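Colleague: Have a look at the structure that comes next, please.
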Amino acid sequence: MIDFRYHLVSLISVFLALAVGVVLGAGPLQSSLGNALNDQVASLREDRNATQGKLEQTETAVNDRDEYITAAAAAYLPGTLTDRKVALVALPEADSSDIEAVVAQLEAAGASVVARVTLTTAWIDTSRETFRSTYSGQFAGYMEAVSGSGNTVLGAGLATALTSSEASASALTDLLKASDSPLMTVDAEPSEPADSVVVVGPRTTMTTGDDPTPASTEGISLAAWNEALGGLASVSPSVVIGAADVKTDLVAQLRSSQTKVTTVDSVGQVAAAVSVPLALAQTIAGTTGSYGFDEGAEAVMPQLSAATKATEPAATENTEQ
């Protein structure tokens with residue numbers, strides 16, 4: 001049985017240990033611990049300052065690069081799309097600043113943006129797949145026959161609505177705007193039929209964090225955009241600018257599915273906006289390409305020699321059959 005002396009010795013040991021700790025902390029160890037902490041704080045401060053300096057240098061370099069690209073574009077873009085009439089299509093979640101940047105470069109190239117529309121999520125909502133397949137049947141009487149899925153037919157109908165000079169264009173526009181869940185809203189009524197189309201998609205769907213990953217695609221059909229934009233490009237020369245950072249991004253999807261449409265990645269960057277008029281000029285001339293910095297790009301930008309001048313605007317060929 002443990003007696004009183006055992007408890008007494010234990011208590012004395014505890015107090016001795018505390019006393020030794022107090023003495024050492026206030027004496028020999030105080031200086032070394034304080035110095036170690038001060039050194040760590042100083043090191044962290046130096047690392048922070050160095051990182052801040054690098055960030056400022058990088059930001060300055062990016063700004064200088066963008067200013068150079070903008071200045072260079074002002075020299076070689078004019079005349080690339082003279083008298084061309086472009087319809088601008090914004091996809092859901094497209095950044096307004098990206099849209100305006102593309103419009104500015106198209107106008108610098110000599111084009112006029114004659115229509116602006118925004119597509120809704122009804123194009124890619126998986127719960128609306130049956131609706132799209134059935135609804136596309138109503139488009140058949142207003143345009144040339146299109147082979148493919150309902151999404152492909154709807155995309156071709158969108159292109160016809162924006163580029164045709166026939167009465168069918170108005171009927172197709174009404175169909176795209178109709179129903180409780182319209183496929184399209186009109187931001188600027190068409191002033192005249194377009195002869196080409198530029199589609200502006202959203203920035204990357206990648207989630208932020210220590211381990212960036214593609215965002216969830218639950219409830220949406222990525223393939224629907226591939227089919228719809230393929231149908232669009234089958235009717236009118238078209239360029240799609242968007243992101244390709246991860247596999248769920250718009251341009252990455254178009255490239256991996258080998259959809260026949262010209263793409264420009266890195267939306268949000270000056271270089272991408274400048275590439276759009278050049279890419280459109282090449283597409284009008286008959287060349288489909290993939291441009292930018294991400295996977296699947298064939299070149300950083302279209303060759304200037306091939307995109308210096310687009311073919312002369314021709315009368316709209318989309319007529320009611």
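By convention here, the chains of the structure tokens are called A, B, ... in the order presented, each chain's residues are numbered starting at 1, and ligands are numbered starting at 1 in the order presented.
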DSSP on the backbone, then: every residue of range 235-313 of chain A marked strand (DSSP E or B), written as a list in words.
Modeller: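 Of range 235-313 of chain A, only Ser238, Val239, Val240, Ile241, Thr262, Thr263, Val264, Ser290, Tyr291 and Ala299 of chain A fall in strand (DSSP E or B).
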Colleague: Residues near Asp180 in chain A, anyone? I mean within 12 Å using only C-alpha atoms, not counting same-chain ones fewer than 2 positions away, as a ChimeraX atom specification.
Modeller: /A:120,122,128,131,175-178,182-184
Colleague: Would you list the contacts of Val235 in chain A as a PyMOL selection string, taking every protein, DNA or RNA residue within 8 Å and counting only C-alpha atoms, but skipping same-chain residues closer than 4 positions in sequence?
Modeller: chain A and resi 156+159-160+231+318
Colleague: Between CA of Ser149 in chain A and CA of Thr126 in chain A, what is the distance in Å, rounded to a tenth?
Modeller: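 A separation of 14.2 Å between them.
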Colleague: Looking at only C-alpha atoms, which of A:Thr248, A:Thr259, A:Ser236, A:Asn35 is the one that sits closest to Thr283 in chain A?
Modeller: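 Looking only at the distances to Thr283 in chain A, the closest residue turns out to be A:Ser236.
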Colleague: Taking into account only C-alpha atoms, which residue in the set A:Leu222, A:Val113, A:Ala90, A:Val200 is nearest to Val264 in chain A?
Modeller: A:Val200
Colleague: Quick one: everything within 12 Å of Leu119 in chain A, counting only C-alpha atoms, minus sequence neighbours fewer than 4 positions away in the same chain. Send it as a ChimeraX atom specification.
Modeller: /A:88-94,123-124,154-155,158,173,176-177,181-187,199-202,225,228-229
Colleague: Just list the residues in range 53-239 of chain A DSSP gives alpha helix (DSSP H) on the backbone, as number ranges by chain.
Modeller: A: 53-76, 96-108, 129-135, 150-163, 168-177, 222-235
Colleague: Pick the closest to Pro190 in chain A from A:Ser170, A:Ser256, A:Thr207, A:Gln269: which is it, counting only C-alpha atoms?
Modeller: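 The shortest atom-to-atom distance to Pro190 in chain A comes from A:Ser170.
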Colleague: Identify which of the residues A:Val102, A:Ala297, A:Ile12, A:Val114 lies closest to Pro193 in chain A, counting only C-alpha atoms when measuring atom-to-atom distances.
Modeller: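 Answer, going by the shortest atom-to-atom distance: A:Val114.
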Colleague: Restricting the calculation to only C-alpha atoms, which member of A:Pro78, A:Gly296, A:Gly289, A:Pro277 is positioned closest to Arg255 in chain A?
Modeller: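 Counting only C-alpha atoms, the residue closest to Arg255 in chain A is A:Gly296.
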Colleague: Show which residues sit within 9 Å of range 251-253 of chain A, as number ranges by chain. Count only C-alpha atoms, and ignore same-chain residues fewer than 4 positions away.
Modeller: A: 201, 222-223, 225-226, 240-247, 257-259, 263-265, 294-296
Colleague: Go ahead and write the selection's residues with all heavy atoms as a short mmCIF file (atom, residue, chain, number, x, y, z; two decimals), in the first residue's frame.
Modeller:
```cif
data_model
loop_
_atom_site.label_atom_id
_atom_site.label_comp_id
_atom_site.auth_asym_id
_atom_site.auth_seq_id
_atom_site.Cartn_x
_atom_site.Cartn_y
_atom_site.Cartn_z
N GLY A 201 -16.42 32.29 -74.06
CA GLY A 201 -16.75 31.39 -72.96
C GLY A 201 -16.20 31.88 -71.64
O GLY A 201 -15.50 32.89 -71.57
N LEU A 222 -21.16 18.47 -70.64
CA LEU A 222 -20.11 19.17 -71.36
C LEU A 222 -20.17 18.88 -72.85
O LEU A 222 -19.86 19.73 -73.68
CB LEU A 222 -18.74 18.76 -70.80
CG LEU A 222 -18.49 19.11 -69.33
CD1 LEU A 222 -17.15 18.53 -68.87
CD2 LEU A 222 -18.52 20.61 -69.11
N ALA A 223 -20.59 17.67 -73.20
CA ALA A 223 -20.67 17.29 -74.61
C ALA A 223 -21.69 18.14 -75.36
O ALA A 223 -21.58 18.31 -76.58
CB ALA A 223 -21.03 15.81 -74.73
N TRP A 225 -22.11 21.35 -75.32
CA TRP A 225 -21.45 22.50 -75.94
C TRP A 225 -20.67 22.06 -77.18
O TRP A 225 -20.66 22.77 -78.19
CB TRP A 225 -20.49 23.17 -74.96
CG TRP A 225 -21.09 24.10 -73.96
CD1 TRP A 225 -20.73 24.24 -72.65
CD2 TRP A 225 -22.13 25.07 -74.16
NE1 TRP A 225 -21.48 25.20 -72.02
CE2 TRP A 225 -22.35 25.73 -72.92
CE3 TRP A 225 -22.91 25.43 -75.26
CZ2 TRP A 225 -23.31 26.74 -72.77
CZ3 TRP A 225 -23.86 26.43 -75.10
CH2 TRP A 225 -24.06 27.07 -73.87
N ASN A 226 -20.00 20.92 -77.11
CA ASN A 226 -19.26 20.43 -78.27
C ASN A 226 -20.19 20.28 -79.47
O ASN A 226 -19.87 20.71 -80.59
CB ASN A 226 -18.60 19.08 -77.97
CG ASN A 226 -17.65 19.14 -76.79
OD1 ASN A 226 -17.16 20.21 -76.44
ND2 ASN A 226 -17.40 18.00 -76.17
N VAL A 240 -14.21 30.28 -81.18
CA VAL A 240 -14.58 30.16 -79.77
C VAL A 240 -13.37 30.50 -78.91
O VAL A 240 -12.31 29.88 -79.05
CB VAL A 240 -15.06 28.73 -79.43
CG1 VAL A 240 -15.41 28.64 -77.94
CG2 VAL A 240 -16.25 28.35 -80.29
N ILE A 241 -13.50 31.48 -78.05
CA ILE A 241 -12.43 31.82 -77.11
C ILE A 241 -12.90 31.43 -75.71
O ILE A 241 -14.02 31.75 -75.30
CB ILE A 241 -12.06 33.33 -77.16
CG1 ILE A 241 -11.02 33.65 -76.07
CG2 ILE A 241 -13.27 34.22 -77.05
CD1 ILE A 241 -10.48 35.08 -76.14
N GLY A 242 -12.04 30.73 -74.98
CA GLY A 242 -12.40 30.27 -73.65
C GLY A 242 -11.17 29.78 -72.92
O GLY A 242 -10.04 30.15 -73.25
N ALA A 243 -11.38 28.92 -71.94
CA ALA A 243 -10.27 28.40 -71.14
C ALA A 243 -9.96 26.95 -71.51
O ALA A 243 -10.82 26.23 -72.03
CB ALA A 243 -10.61 28.49 -69.65
N ALA A 244 -8.72 26.54 -71.22
CA ALA A 244 -8.31 25.15 -71.45
C ALA A 244 -7.31 24.72 -70.38
O ALA A 244 -6.41 23.93 -70.64
CB ALA A 244 -7.70 24.99 -72.85
N ASP A 245 -7.48 25.25 -69.16
CA ASP A 245 -6.55 24.93 -68.08
C ASP A 245 -6.76 23.52 -67.54
O ASP A 245 -5.81 22.84 -67.16
CB ASP A 245 -6.71 25.94 -66.94
CG ASP A 245 -6.35 27.35 -67.36
OD1 ASP A 245 -5.20 27.55 -67.76
OD2 ASP A 245 -7.22 28.23 -67.32
N VAL A 246 -8.00 23.08 -67.49
CA VAL A 246 -8.32 21.73 -67.03
C VAL A 246 -9.30 21.10 -68.01
O VAL A 246 -9.89 21.79 -68.85
CB VAL A 246 -8.93 21.74 -65.61
CG1 VAL A 246 -7.90 22.14 -64.58
CG2 VAL A 246 -10.14 22.68 -65.53
N LYS A 247 -9.48 19.79 -67.91
CA LYS A 247 -10.25 19.06 -68.91
C LYS A 247 -11.71 19.47 -68.99
O LYS A 247 -12.36 19.24 -70.01
CB LYS A 247 -10.15 17.56 -68.65
CG LYS A 247 -10.75 17.12 -67.32
CD LYS A 247 -10.59 15.63 -67.11
CE LYS A 247 -11.21 15.18 -65.79
NZ LYS A 247 -11.03 13.72 -65.58
N SER A 257 -12.58 16.62 -77.98
CA SER A 257 -13.63 15.96 -78.76
C SER A 257 -13.42 16.14 -80.26
O SER A 257 -14.21 15.62 -81.07
CB SER A 257 -15.00 16.51 -78.37
OG SER A 257 -15.12 17.88 -78.71
N GLN A 258 -12.38 16.90 -80.63
CA GLN A 258 -12.05 17.18 -82.03
C GLN A 258 -13.22 17.84 -82.78
O GLN A 258 -13.46 17.58 -83.95
CB GLN A 258 -11.61 15.91 -82.74
CG GLN A 258 -10.34 15.29 -82.14
CD GLN A 258 -9.86 14.08 -82.90
OE1 GLN A 258 -10.58 13.47 -83.69
NE2 GLN A 258 -8.61 13.72 -82.68
N THR A 259 -13.92 18.70 -82.05
CA THR A 259 -15.00 19.47 -82.68
C THR A 259 -14.39 20.42 -83.72
O THR A 259 -13.42 21.11 -83.43
CB THR A 259 -15.77 20.28 -81.62
OG1 THR A 259 -16.31 19.37 -80.65
CG2 THR A 259 -16.90 21.07 -82.26
N THR A 263 -10.50 27.50 -82.18
CA THR A 263 -10.49 27.83 -80.75
C THR A 263 -9.29 28.70 -80.38
O THR A 263 -8.22 28.60 -80.99
CB THR A 263 -10.43 26.54 -79.89
OG1 THR A 263 -9.25 25.79 -80.24
CG2 THR A 263 -11.66 25.69 -80.10
N VAL A 264 -9.49 29.53 -79.36
CA VAL A 264 -8.42 30.33 -78.77
C VAL A 264 -8.53 30.15 -77.26
O VAL A 264 -9.60 30.40 -76.69
CB VAL A 264 -8.57 31.83 -79.12
CG1 VAL A 264 -7.47 32.65 -78.41
CG2 VAL A 264 -8.49 32.04 -80.63
N ASP A 265 -7.46 29.68 -76.62
CA ASP A 265 -7.53 29.50 -75.17
C ASP A 265 -6.99 30.73 -74.43
O ASP A 265 -6.66 31.74 -75.03
CB ASP A 265 -6.79 28.22 -74.74
CG ASP A 265 -5.29 28.26 -75.02
OD1 ASP A 265 -4.63 29.27 -74.70
OD2 ASP A 265 -4.75 27.26 -75.54
N ASP A 294 -2.23 26.53 -74.10
CA ASP A 294 -2.58 25.32 -73.37
C ASP A 294 -2.61 24.09 -74.28
O ASP A 294 -2.40 24.19 -75.49
CB ASP A 294 -3.93 25.51 -72.66
CG ASP A 294 -3.87 26.60 -71.60
OD1 ASP A 294 -2.85 26.67 -70.90
OD2 ASP A 294 -4.82 27.39 -71.50
N GLU A 295 -2.87 22.95 -73.65
CA GLU A 295 -2.83 21.68 -74.38
C GLU A 295 -3.79 21.70 -75.57
O GLU A 295 -4.92 22.16 -75.48
CB GLU A 295 -3.23 20.54 -73.43
CG GLU A 295 -3.11 19.16 -74.06
CD GLU A 295 -3.37 18.04 -73.06
OE1 GLU A 295 -3.49 18.34 -71.85
OE2 GLU A 295 -3.44 16.87 -73.50
N GLY A 296 -3.30 21.18 -76.68
CA GLY A 296 -4.11 21.12 -77.89
C GLY A 296 -3.90 22.29 -78.83
O GLY A 296 -4.36 22.24 -79.98
#
```
